[in-house]
Structure formats: C-alpha cells, structure tokens
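K.L.:
What follows is target12.pdb, PDB, C-alpha atoms.
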ATOM      1  CA  MET A  17     -86.084 106.793 -77.485  1.00  0.00           C
ATOM      2  CA  TYR A  18     -85.589 103.332 -78.930  1.00  0.00           C
ATOM      3  CA  GLN A  19     -86.350 100.222 -76.877  1.00  0.00           C
ATOM      4  CA  PHE A  20     -86.854  96.490 -77.191  1.00  0.00           C
ATOM      5  CA  LYS A  21     -87.984  93.711 -74.872  1.00  0.00           C
ATOM      6  CA  SER A  22     -86.177  90.477 -74.221  1.00  0.00           C
ATOM      7  CA  ARG A  23     -85.898  87.569 -71.793  1.00  0.00           C
ATOM      8  CA  VAL A  24     -82.644  86.713 -70.027  1.00  0.00           C
ATOM      9  CA  ARG A  25     -81.128  83.678 -71.737  1.00  0.00           C
ATOM     10  CA  PHE A  26     -79.051  80.885 -70.202  1.00  0.00           C
ATOM     11  CA  SER A  27     -76.125  81.953 -72.405  1.00  0.00           C
ATOM     12  CA  GLU A  28     -76.181  85.395 -70.705  1.00  0.00           C
ATOM     13  CA  VAL A  29     -75.900  84.333 -67.057  1.00  0.00           C
ATOM     14  CA  ASP A  30     -73.181  83.256 -64.636  1.00  0.00           C
ATOM     15  CA  SER A  31     -72.964  80.299 -62.237  1.00  0.00           C
ATOM     16  CA  GLN A  32     -75.509  82.032 -59.963  1.00  0.00           C
ATOM     17  CA  LEU A  33     -77.955  82.436 -62.897  1.00  0.00           C
ATOM     18  CA  ARG A  34     -77.508  86.219 -62.858  1.00  0.00           C
ATOM     19  CA  MET A  35     -76.839  88.199 -66.015  1.00  0.00           C
ATOM     20  CA  THR A  36     -73.139  88.880 -66.487  1.00  0.00           C
ATOM     21  CA  LEU A  37     -71.743  92.379 -66.909  1.00  0.00           C
ATOM     22  CA  PRO A  38     -70.544  91.623 -70.474  1.00  0.00           C
ATOM     23  CA  SER A  39     -74.109  90.563 -71.306  1.00  0.00           C
ATOM     24  CA  VAL A  40     -75.445  93.884 -69.981  1.00  0.00           C
ATOM     25  CA  ILE A  41     -72.956  95.656 -72.243  1.00  0.00           C
ATOM     26  CA  ASN A  42     -73.992  93.576 -75.234  1.00  0.00           C
ATOM     27  CA  TYR A  43     -77.670  94.429 -74.657  1.00  0.00           C
ATOM     28  CA  PHE A  44     -76.830  98.128 -74.533  1.00  0.00           C
ATOM     29  CA  GLN A  45     -74.553  97.920 -77.564  1.00  0.00           C
ATOM     30  CA  ASP A  46     -77.190  96.015 -79.550  1.00  0.00           C
ATOM     31  CA  CYS A  47     -79.857  98.530 -78.553  1.00  0.00           C
ATOM     32  CA  SER A  48     -77.825 101.448 -79.902  1.00  0.00           C
ATOM     33  CA  THR A  49     -77.163  99.534 -83.118  1.00  0.00           C
ATOM     34  CA  PHE A  50     -80.874  98.797 -83.546  1.00  0.00           C
ATOM     35  CA  HIS A  51     -81.671 102.457 -82.852  1.00  0.00           C
ATOM     36  CA  SER A  52     -79.318 103.660 -85.587  1.00  0.00           C
ATOM     37  CA  ASP A  53     -80.681 101.077 -88.012  1.00  0.00           C
ATOM     38  CA  SER A  54     -84.267 102.185 -87.292  1.00  0.00           C
ATOM     39  CA  ILE A  55     -83.522 105.747 -88.471  1.00  0.00           C
ATOM     40  CA  GLY A  56     -81.606 104.721 -91.588  1.00  0.00           C
ATOM     41  CA  GLN A  57     -78.140 105.045 -90.051  1.00  0.00           C
ATOM     42  CA  GLY A  58     -77.328 101.362 -89.624  1.00  0.00           C
ATOM     43  CA  ILE A  59     -73.841  99.870 -89.778  1.00  0.00           C
ATOM     44  CA  GLU A  60     -73.941  98.970 -93.482  1.00  0.00           C
ATOM     45  CA  VAL A  61     -75.327 102.379 -94.497  1.00  0.00           C
ATOM     46  CA  MET A  62     -72.677 104.223 -92.524  1.00  0.00           C
ATOM     47  CA  MET A  63     -69.896 102.021 -93.877  1.00  0.00           C
ATOM     48  CA  GLU A  64     -71.050 102.797 -97.425  1.00  0.00           C
ATOM     49  CA  GLN A  65     -70.943 106.498 -96.542  1.00  0.00           C
ATOM     50  CA  GLY A  66     -67.453 106.072 -95.035  1.00  0.00           C
ATOM     51  CA  TYR A  67     -68.392 106.768 -91.407  1.00  0.00           C
ATOM     52  CA  ALA A  68     -68.716 104.926 -88.108  1.00  0.00           C
ATOM     53  CA  TRP A  69     -69.593 105.677 -84.495  1.00  0.00           C
ATOM     54  CA  ILE A  70     -66.570 104.767 -82.360  1.00  0.00           C
ATOM     55  CA  LEU A  71     -67.193 104.281 -78.655  1.00  0.00           C
ATOM     56  CA  SER A  72     -64.952 106.460 -76.503  1.00  0.00           C
ATOM     57  CA  SER A  73     -66.153 105.589 -73.000  1.00  0.00           C
ATOM     58  CA  TRP A  74     -68.651 103.684 -70.857  1.00  0.00           C
ATOM     59  CA  GLN A  75     -70.082 104.476 -67.449  1.00  0.00           C
ATOM     60  CA  ILE A  76     -72.476 101.744 -66.317  1.00  0.00           C
ATOM     61  CA  ILE A  77     -74.183 101.555 -62.926  1.00  0.00           C
ATOM     62  CA  ILE A  78     -75.779  98.302 -61.799  1.00  0.00           C
ATOM     63  CA  ASN A  79     -78.641  98.307 -59.296  1.00  0.00           C
ATOM     64  CA  ARG A  80     -79.406  94.622 -59.743  1.00  0.00           C
ATOM     65  CA  TYR A  81     -78.350  91.919 -62.180  1.00  0.00           C
ATOM     66  CA  PRO A  82     -81.477  90.303 -63.672  1.00  0.00           C
ATOM     67  CA  LYS A  83     -81.838  86.550 -63.333  1.00  0.00           C
ATOM     68  CA  PHE A  84     -82.266  83.803 -65.906  1.00  0.00           C
ATOM     69  CA  GLY A  85     -85.719  83.921 -67.485  1.00  0.00           C
ATOM     70  CA  GLU A  86     -86.614  87.469 -66.386  1.00  0.00           C
ATOM     71  CA  GLU A  87     -88.419  89.739 -68.816  1.00  0.00           C
ATOM     72  CA  ILE A  88     -86.442  92.943 -69.431  1.00  0.00           C
ATOM     73  CA  THR A  89     -86.786  96.132 -71.454  1.00  0.00           C
ATOM     74  CA  VAL A  90     -83.687  97.847 -72.846  1.00  0.00           C
ATOM     75  CA  SER A  91     -83.823 101.498 -73.954  1.00  0.00           C
ATOM     76  CA  THR A  92     -81.455 104.067 -75.438  1.00  0.00           C
ATOM     77  CA  TRP A  93     -81.498 107.658 -76.648  1.00  0.00           C
ATOM     78  CA  ALA A  94     -79.131 110.446 -77.667  1.00  0.00           C
ATOM     79  CA  HIS A  95     -78.925 113.356 -75.231  1.00  0.00           C
ATOM     80  CA  GLY A  96     -76.401 115.751 -76.739  1.00  0.00           C
ATOM     81  CA  TRP A  97     -73.748 116.646 -79.295  1.00  0.00           C
ATOM     82  CA  LYS A  98     -70.494 118.591 -79.254  1.00  0.00           C
ATOM     83  CA  ALA A  99     -68.308 118.866 -82.356  1.00  0.00           C
ATOM     84  CA  PHE A 100     -67.526 115.213 -83.225  1.00  0.00           C
ATOM     85  CA  PHE A 101     -68.823 113.779 -79.886  1.00  0.00           C
ATOM     86  CA  GLY A 102     -72.252 112.241 -79.413  1.00  0.00           C
ATOM     87  CA  TYR A 103     -73.678 111.426 -75.971  1.00  0.00           C
ATOM     88  CA  ARG A 104     -76.029 108.499 -75.400  1.00  0.00           C
ATOM     89  CA  ASN A 105     -77.868 107.056 -72.377  1.00  0.00           C
ATOM     90  CA  PHE A 106     -79.082 103.509 -71.787  1.00  0.00           C
ATOM     91  CA  LYS A 107     -81.287 101.782 -69.263  1.00  0.00           C
ATOM     92  CA  MET A 108     -82.424  98.243 -68.506  1.00  0.00           C
ATOM     93  CA  GLU A 109     -85.675  97.689 -66.603  1.00  0.00           C
ATOM     94  CA  ASP A 110     -87.481  94.664 -65.216  1.00  0.00           C
ATOM     95  CA  SER A 111     -91.112  93.748 -65.986  1.00  0.00           C
ATOM     96  CA  GLU A 112     -92.337  96.140 -63.271  1.00  0.00           C
ATOM     97  CA  GLY A 113     -90.340  99.091 -64.574  1.00  0.00           C
ATOM     98  CA  ASN A 114     -87.649  98.928 -61.887  1.00  0.00           C
ATOM     99  CA  LEU A 115     -84.285 100.259 -63.047  1.00  0.00           C
ATOM    100  CA  LEU A 116     -81.798  97.385 -63.168  1.00  0.00           C
ATOM    101  CA  ALA A 117     -78.877  99.135 -64.871  1.00  0.00           C
ATOM    102  CA  TYR A 118     -78.209 102.429 -66.598  1.00  0.00           C
ATOM    103  CA  ALA A 119     -75.354 104.024 -68.496  1.00  0.00           C
ATOM    104  CA  ASN A 120     -73.859 107.068 -70.096  1.00  0.00           C
ATOM    105  CA  THR A 121     -71.601 106.834 -73.130  1.00  0.00           C
ATOM    106  CA  ASN A 122     -69.470 109.069 -75.326  1.00  0.00           C
ATOM    107  CA  TRP A 123     -69.129 108.323 -79.050  1.00  0.00           C
ATOM    108  CA  ILE A 124     -66.902 109.765 -81.777  1.00  0.00           C
ATOM    109  CA  TYR A 125     -68.188 110.356 -85.305  1.00  0.00           C
ATOM    110  CA  MET A 126     -65.307 108.911 -87.339  1.00  0.00           C
ATOM    111  CA  ASN A 127     -64.428 109.186 -91.025  1.00  0.00           C
ATOM    112  CA  ILE A 128     -63.191 105.639 -91.589  1.00  0.00           C
ATOM    113  CA  ARG A 129     -61.495 106.560 -94.866  1.00  0.00           C
ATOM    114  CA  THR A 130     -59.246 109.174 -93.279  1.00  0.00           C
ATOM    115  CA  GLY A 131     -59.187 107.664 -89.786  1.00  0.00           C
ATOM    116  CA  ARG A 132     -60.046 111.067 -88.305  1.00  0.00           C
ATOM    117  CA  PRO A 133     -63.047 112.392 -86.363  1.00  0.00           C
ATOM    118  CA  GLU A 134     -65.379 114.801 -88.137  1.00  0.00           C
ATOM    119  CA  ARG A 135     -67.968 117.263 -86.880  1.00  0.00           C
ATOM    120  CA  ILE A 136     -71.359 115.548 -86.744  1.00  0.00           C
ATOM    121  CA  PRO A 137     -73.589 116.860 -89.567  1.00  0.00           C
ATOM    122  CA  GLN A 138     -76.741 118.615 -88.399  1.00  0.00           C
ATOM    123  CA  GLU A 139     -78.905 116.288 -90.462  1.00  0.00           C
ATOM    124  CA  VAL A 140     -77.495 113.326 -88.518  1.00  0.00           C
ATOM    125  CA  CYS A 141     -78.164 115.069 -85.191  1.00  0.00           C
ATOM    126  CA  ASP A 142     -81.730 115.761 -86.293  1.00  0.00           C
ATOM    127  CA  LEU A 143     -82.348 112.095 -87.096  1.00  0.00           C
ATOM    128  CA  TYR A 144     -81.519 111.033 -83.536  1.00  0.00           C
ATOM    129  CA  ALA A 145     -83.850 113.641 -81.951  1.00  0.00           C
ATOM    130  CA  CYS A 146     -82.121 114.335 -78.624  1.00  0.00           C
ATOM    131  CA  GLU A 147     -83.984 113.756 -75.366  1.00  0.00           C
ATOM    132  CA  SER A 148     -83.204 114.744 -71.774  1.00  0.00           C
ATOM    133  CA  ALA A 149     -80.201 113.076 -70.163  1.00  0.00           C
ATOM    134  CA  LEU A 150     -80.649 110.590 -67.348  1.00  0.00           C
ATOM    135  CA  PRO A 151     -80.464 112.243 -63.912  1.00  0.00           C
ATOM    136  CA  MET A 152     -77.147 110.655 -62.969  1.00  0.00           C
ATOM    137  CA  GLU A 153     -73.752 111.871 -61.827  1.00  0.00           C
ATOM    138  CA  GLU A 154     -71.736 111.665 -65.021  1.00  0.00           C
ATOM    139  CA  ALA A 155     -68.127 110.609 -64.611  1.00  0.00           C
ATOM    140  CA  SER A 156     -65.373 111.957 -66.841  1.00  0.00           C
ATOM    141  CA  ARG A 157     -64.761 109.987 -70.004  1.00  0.00           C
ATOM    142  CA  LYS A 158     -61.056 110.076 -69.082  1.00  0.00           C
ATOM    143  CA  ILE A 159     -59.567 107.612 -66.587  1.00  0.00           C
ATOM    144  CA  ALA A 160     -56.147 108.351 -65.105  1.00  0.00           C
ATOM    145  CA  PRO A 161     -53.625 105.701 -66.194  1.00  0.00           C
ATOM    146  CA  LEU A 162     -51.957 103.387 -63.686  1.00  0.00           C
ATOM    147  CA  ALA A 163     -48.595 104.462 -62.296  1.00  0.00           C
ATOM    148  CA  GLU A 164     -47.819 100.869 -61.287  1.00  0.00           C
ATOM    149  CA  GLY A 165     -49.634  97.607 -60.775  1.00  0.00           C
ATOM    150  CA  ILE A 166     -49.656  93.826 -60.822  1.00  0.00           C
ATOM    151  CA  SER A 167     -49.347  92.015 -64.155  1.00  0.00           C
ATOM    152  CA  ILE A 168     -51.255  88.868 -65.072  1.00  0.00           C
ATOM    153  CA  THR A 169     -50.910  86.440 -67.978  1.00  0.00           C
ATOM    154  CA  PRO A 170     -50.995  88.209 -71.389  1.00  0.00           C
ATOM    155  CA  ILE A 171     -54.093  87.701 -73.536  1.00  0.00           C
ATOM    156  CA  GLN A 172     -53.981  86.885 -77.240  1.00  0.00           C
ATOM    157  CA  VAL A 173     -56.552  88.566 -79.506  1.00  0.00           C
ATOM    158  CA  HIS A 174     -58.511  85.913 -81.411  1.00  0.00           C
ATOM    159  CA  ARG A 175     -60.688  86.115 -84.496  1.00  0.00           C
ATOM    160  CA  TYR A 176     -63.868  85.902 -82.395  1.00  0.00           C
ATOM    161  CA  ASP A 177     -62.864  89.143 -80.625  1.00  0.00           C
ATOM    162  CA  ILE A 178     -63.062  91.140 -83.873  1.00  0.00           C
ATOM    163  CA  ASP A 179     -66.106  93.176 -84.960  1.00  0.00           C
ATOM    164  CA  SER A 180     -67.259  94.779 -88.234  1.00  0.00           C
ATOM    165  CA  ASN A 181     -64.697  97.592 -87.812  1.00  0.00           C
ATOM    166  CA  ASN A 182     -61.942  94.940 -87.893  1.00  0.00           C
ATOM    167  CA  HIS A 183     -60.784  95.628 -84.345  1.00  0.00           C
ATOM    168  CA  VAL A 184     -61.538  94.159 -80.919  1.00  0.00           C
ATOM    169  CA  ASN A 185     -65.202  94.704 -80.043  1.00  0.00           C
ATOM    170  CA  ASN A 186     -65.778  97.165 -77.195  1.00  0.00           C
ATOM    171  CA  GLU A 187     -67.388  94.542 -74.976  1.00  0.00           C
ATOM    172  CA  ARG A 188     -64.468  92.109 -75.236  1.00  0.00           C
ATOM    173  CA  TYR A 189     -62.111  94.316 -73.212  1.00  0.00           C
ATOM    174  CA  VAL A 190     -64.336  94.005 -70.134  1.00  0.00           C
ATOM    175  CA  PRO A 191     -64.085  90.204 -69.596  1.00  0.00           C
ATOM    176  CA  MET A 192     -60.333  90.542 -70.186  1.00  0.00           C
ATOM    177  CA  ALA A 193     -60.185  93.073 -67.347  1.00  0.00           C
ATOM    178  CA  MET A 194     -62.492  90.952 -65.173  1.00  0.00           C
ATOM    179  CA  GLU A 195     -59.751  88.330 -64.966  1.00  0.00           C
ATOM    180  CA  CYS A 196     -58.089  90.685 -62.451  1.00  0.00           C
ATOM    181  CA  LEU A 197     -61.073  90.747 -60.077  1.00  0.00           C
ATOM    182  CA  PRO A 198     -60.939  88.990 -56.708  1.00  0.00           C
ATOM    183  CA  GLU A 199     -63.017  85.815 -56.381  1.00  0.00           C
ATOM    184  CA  GLY A 200     -66.695  86.559 -55.801  1.00  0.00           C
ATOM    185  CA  ALA A 201     -66.426  90.300 -56.495  1.00  0.00           C
ATOM    186  CA  GLN A 202     -69.697  92.061 -57.373  1.00  0.00           C
ATOM    187  CA  ILE A 203     -69.384  95.034 -59.744  1.00  0.00           C
ATOM    188  CA  ARG A 204     -71.627  98.016 -59.004  1.00  0.00           C
ATOM    189  CA  GLN A 205     -70.112 100.518 -61.442  1.00  0.00           C
ATOM    190  CA  LEU A 206     -68.006 100.121 -64.544  1.00  0.00           C
ATOM    191  CA  ARG A 207     -66.056 102.787 -66.365  1.00  0.00           C
ATOM    192  CA  VAL A 208     -64.082 102.161 -69.547  1.00  0.00           C
ATOM    193  CA  GLU A 209     -61.958 104.550 -71.564  1.00  0.00           C
ATOM    194  CA  TYR A 210     -60.979 103.281 -75.015  1.00  0.00           C
ATOM    195  CA  ARG A 211     -57.644 104.645 -76.236  1.00  0.00           C
ATOM    196  CA  ASN A 212     -56.366 102.471 -79.094  1.00  0.00           C
ATOM    197  CA  SER A 213     -57.830  99.640 -81.145  1.00  0.00           C
ATOM    198  CA  ALA A 214     -56.375  96.162 -80.755  1.00  0.00           C
ATOM    199  CA  VAL A 215     -56.625  93.913 -83.816  1.00  0.00           C
ATOM    200  CA  TYR A 216     -56.372  90.207 -84.593  1.00  0.00           C
ATOM    201  CA  GLY A 217     -52.992  88.810 -83.602  1.00  0.00           C
ATOM    202  CA  ASP A 218     -52.191  91.497 -81.019  1.00  0.00           C
ATOM    203  CA  THR A 219     -51.217  90.541 -77.486  1.00  0.00           C
ATOM    204  CA  ILE A 220     -52.798  92.435 -74.584  1.00  0.00           C
ATOM    205  CA  TYR A 221     -50.919  92.808 -71.308  1.00  0.00           C
ATOM    206  CA  PRO A 222     -53.251  93.418 -68.304  1.00  0.00           C
ATOM    207  CA  VAL A 223     -51.926  95.351 -65.306  1.00  0.00           C
ATOM    208  CA  TYR A 224     -54.129  96.083 -62.287  1.00  0.00           C
ATOM    209  CA  HIS A 225     -54.215  97.939 -58.981  1.00  0.00           C
ATOM    210  CA  GLN A 226     -56.859  97.822 -56.249  1.00  0.00           C
ATOM    211  CA  GLU A 227     -57.462 100.429 -53.572  1.00  0.00           C
ATOM    212  CA  ASP A 228     -60.407  99.869 -51.238  1.00  0.00           C
ATOM    213  CA  ASP A 229     -63.497  99.230 -53.413  1.00  0.00           C
ATOM    214  CA  MET A 230     -61.922 100.511 -56.653  1.00  0.00           C
ATOM    215  CA  LEU A 231     -60.009  98.210 -58.978  1.00  0.00           C
ATOM    216  CA  LYS A 232     -58.394  99.652 -62.089  1.00  0.00           C
ATOM    217  CA  VAL A 233     -57.068  97.590 -65.005  1.00  0.00           C
ATOM    218  CA  SER A 234     -54.919  98.851 -67.854  1.00  0.00           C
ATOM    219  CA  LEU A 235     -55.036  96.622 -70.940  1.00  0.00           C
ATOM    220  CA  ASN A 236     -51.749  97.480 -72.594  1.00  0.00           C
ATOM    221  CA  ASP A 237     -49.737  96.803 -75.715  1.00  0.00           C
ATOM    222  CA  ALA A 238     -46.186  95.451 -75.576  1.00  0.00           C
ATOM    223  CA  GLU A 239     -44.830  98.960 -74.951  1.00  0.00           C
ATOM    224  CA  GLY A 240     -47.154  99.574 -72.011  1.00  0.00           C
ATOM    225  CA  LYS A 241     -49.540 101.895 -73.872  1.00  0.00           C
ATOM    226  CA  PRO A 242     -53.219 101.234 -73.047  1.00  0.00           C
ATOM    227  CA  TYR A 243     -55.695  99.911 -75.540  1.00  0.00           C
ATOM    228  CA  ALA A 244     -58.311 100.463 -72.834  1.00  0.00           C
ATOM    229  CA  ILE A 245     -58.456 101.404 -69.158  1.00  0.00           C
ATOM    230  CA  VAL A 246     -61.170  99.721 -67.112  1.00  0.00           C
ATOM    231  CA  GLU A 247     -62.294 100.806 -63.649  1.00  0.00           C
ATOM    232  CA  PHE A 248     -64.536  98.664 -61.448  1.00  0.00           C
ATOM    233  CA  GLN A 249     -66.313  99.875 -58.326  1.00  0.00           C
ATOM    234  CA  LEU A 250     -67.013  96.836 -56.186  1.00  0.00           C
ATOM    235  CA  ALA A 251     -69.864  96.182 -53.790  1.00  0.00           C
ATOM    236  CA  PRO A 252     -68.897  95.745 -50.116  1.00  0.00           C
ATOM    237  CA  VAL A 253     -68.104  92.168 -49.102  1.00  0.00           C
ATOM    238  CA  PRO A 254     -70.762  90.896 -46.659  1.00  0.00           C
ATOM    239  CA  ALA A 255     -69.448  90.367 -43.127  1.00  0.00           C
ATOM    240  CA  GLN A 256     -68.895  86.733 -42.166  1.00  0.00           C
ATOM    241  CA  ALA A 257     -70.951  85.410 -39.269  1.00  0.00           C
ATOM    242  CA  ASP A 258     -68.989  84.257 -36.204  1.00  0.00           C
TER     243      ASP A 258
END
Here is a file; write its structure as structure tokens.
P.N.:
Amino acid sequence: MYQFKSRVRFSEVDSQLRMTLPSVINYFQDCSTFHSDSIGQGIEVMMEQGYAWILSSWQIIINRYPKFGEEITVSTWAHGWKAFFGYRNFKMEDSEGNLLAYANTNWIYMNIRTGRPERIPQEVCDLYACESALPMEEASRKIAPLAEGISITPIQVHRYDIDSNNHVNNERYVPMAMECLPEGAQIRQLRVEYRNSAVYGDTIYPVYHQEDDMLKVSLNDAEGKPYAIVEFQLAPVPAQAD
C-alpha cells in the first residue's frame, strides 16, 4: 500500500467549504501516480519504455466530504490483474481513521507506440505487490449508454484540460458532467466509463437523463459517440419543514 497525508486546501473546496468531487478524484489520481513513481514505474519511466496506464473506469463512494483545513490520509494499492487489466483500490480517511471516500478502478496497460493494450508483464505485477481488495460491492466497469436525454451547451476542450498523454485528463470529464446536476445535488456514488480520448480543440456534447436518484451523463462527440459516460447516485433531498 502507498499512502500520503495532506490537509484540505481552500482551492479544493466548494462554497460550503467541503472538498469537491473533482478534488477527491485528483487526490486519488495523484496517489496512484506517486505509488508508481515510488516503485520505479513513474510516468517518465513508462513513457521512455513506450507504455502507459490508461484509466478505464471509476467507482467512487463518498461517505463524507472533508472540510477545509481537515487532515486527511490518502491510500492506494493494486488488488489484481487479468491479461492487460490492472485493478486498484483507493481510500481517503480523516485524522481519526474514519473512511471518508473509497474507490475501485480498472486500468489498461497500453503500448503507446502501437496504441494497443498488452498483457501486463509479470515483473510489473510483482513490483506492485497485490493486496486484498476493499470489501465493497464492485460495479461493472461498463455503463449502459443513454437511449435518449436532454442536451446542454457544448463544451470546448481547452489546453488546460490536456494531460501528459496529450488527451483530456480523466478528472476533467467529471466537472463537465456535473454541469447537468440539479442545484444543490449531493453525490454519494460516482461511476465513470472512459470510451474514447478527447483532445485539444474537440467539442464535447453533454446529454443527460435522470431517473429517481440516478443521473447519467453521456459526454459525446459530434456524431453522438461517447468519450465518457458518467453516472451519479444522488443523496436524498432533505424534506422541507412546513
């Protein structure tokens, strides 16, 4: 397991001084990057070797969003391999060890020279030293696409959306999808399936549909093919007093 401690910064919170969901994702993403770097498989090393870990899906469950100034510990570990897929858990805890958020992810070991997945070498698996998976109900990495939905204003991909793989960073799709949420919505579970990589200059067309506490957003290209499908499970809205 790899972990690091931090303190919730003002730049990571919303108007209620609670950590935002994109900030939770960034902590988890950074933790996995630090983990790989600590075992000699950092971004630059892998790029030199012609490989990269490409995120296929997120499943994040939020128990509580930490507040500005709180001390937190973020942890990650690999918990399994299958052909070219790697499976990784994350957790975020407060200073008393209470579980704030946790996640399961699926990653693809990609040959960036050929653009194709490759079976993960045993020596790479050995470096990550698998541990037991979190005791959670794992959702499928696949999310059924929308049959129909409501469109909102298209979103232009900017330079600041692009990461070291020269495509839109995984985290950036989530705030795009959050534009479809009703005012004041609280997200208790997030699922994301990544299908295609948007790049600088692309236009993303969000389409959404809500049914009860589930809101699904398809972030599409001009032909209606998804770059990513995002599914939010929302907390119940508190009843209004008479």
K.L.:
Please list as a PDB file with C-alpha atoms, in the coordinates of the input every residue within 7 Å of segment 23-40 of chain A, counting all atoms listed in the file and excluding residues in the same chain fewer than 4 positions away.
P.N.:
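To be explicit, this is the file written out as part.pdb:
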ATOM      1  CA  PHE A  44     -76.830  98.128 -74.533  1.00  0.00           C
ATOM      2  CA  TYR A  81     -78.350  91.919 -62.180  1.00  0.00           C
ATOM      3  CA  PRO A  82     -81.477  90.303 -63.672  1.00  0.00           C
ATOM      4  CA  LYS A  83     -81.838  86.550 -63.333  1.00  0.00           C
ATOM      5  CA  PHE A  84     -82.266  83.803 -65.906  1.00  0.00           C
ATOM      6  CA  GLY A  85     -85.719  83.921 -67.485  1.00  0.00           C
ATOM      7  CA  GLU A  86     -86.614  87.469 -66.386  1.00  0.00           C
ATOM      8  CA  GLU A  87     -88.419  89.739 -68.816  1.00  0.00           C
ATOM      9  CA  ILE A  88     -86.442  92.943 -69.431  1.00  0.00           C
ATOM     10  CA  GLU A 187     -67.388  94.542 -74.976  1.00  0.00           C
ATOM     11  CA  VAL A 190     -64.336  94.005 -70.134  1.00  0.00           C
ATOM     12  CA  PRO A 191     -64.085  90.204 -69.596  1.00  0.00           C
TER      13      PRO A 191
END
K.L.:
Taking into account only C-alpha atoms, which residue in the set A:Gln75, A:Gln172, A:Asn122, A:Gln249 is nearest to Ile203 of chain A?
P.N.:
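Under the stated criterion, the closest residue is A:Gln249.
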K.L.:
To test your reading of the syntax: which residues would the PyMOL selection byres ((chain A and resi 179) around 12) return for the file shown? Reply as a VMD selection string.
P.N.:
chain A and resid 59 70 173 to 178 180 to 188 213 to 216
K.L.:
What does the distance between atom CA of His95 of chain A and atom CA of Arg129 of chain A come to in Å, to one decimal place?
P.N.:
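Result for atom CA of His95 of chain A versus atom CA of Arg129 of chain A: 27.1 Å, one decimal.
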K.L.:
Please compute the atom CA of Lys232 of chain A-atom CA of Lys158 of chain A distance, one decimal, in Å.
P.N.:
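Atom CA of Lys158 of chain A lies 12.8 Å from atom CA of Lys232 of chain A.
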K.L.:
Taking only C-alpha atoms into account, which of A:Tyr224, A:Leu231, A:Tyr103, A:Leu206 comes nearest Glu147 of chain A?
P.N.:
A:Tyr103
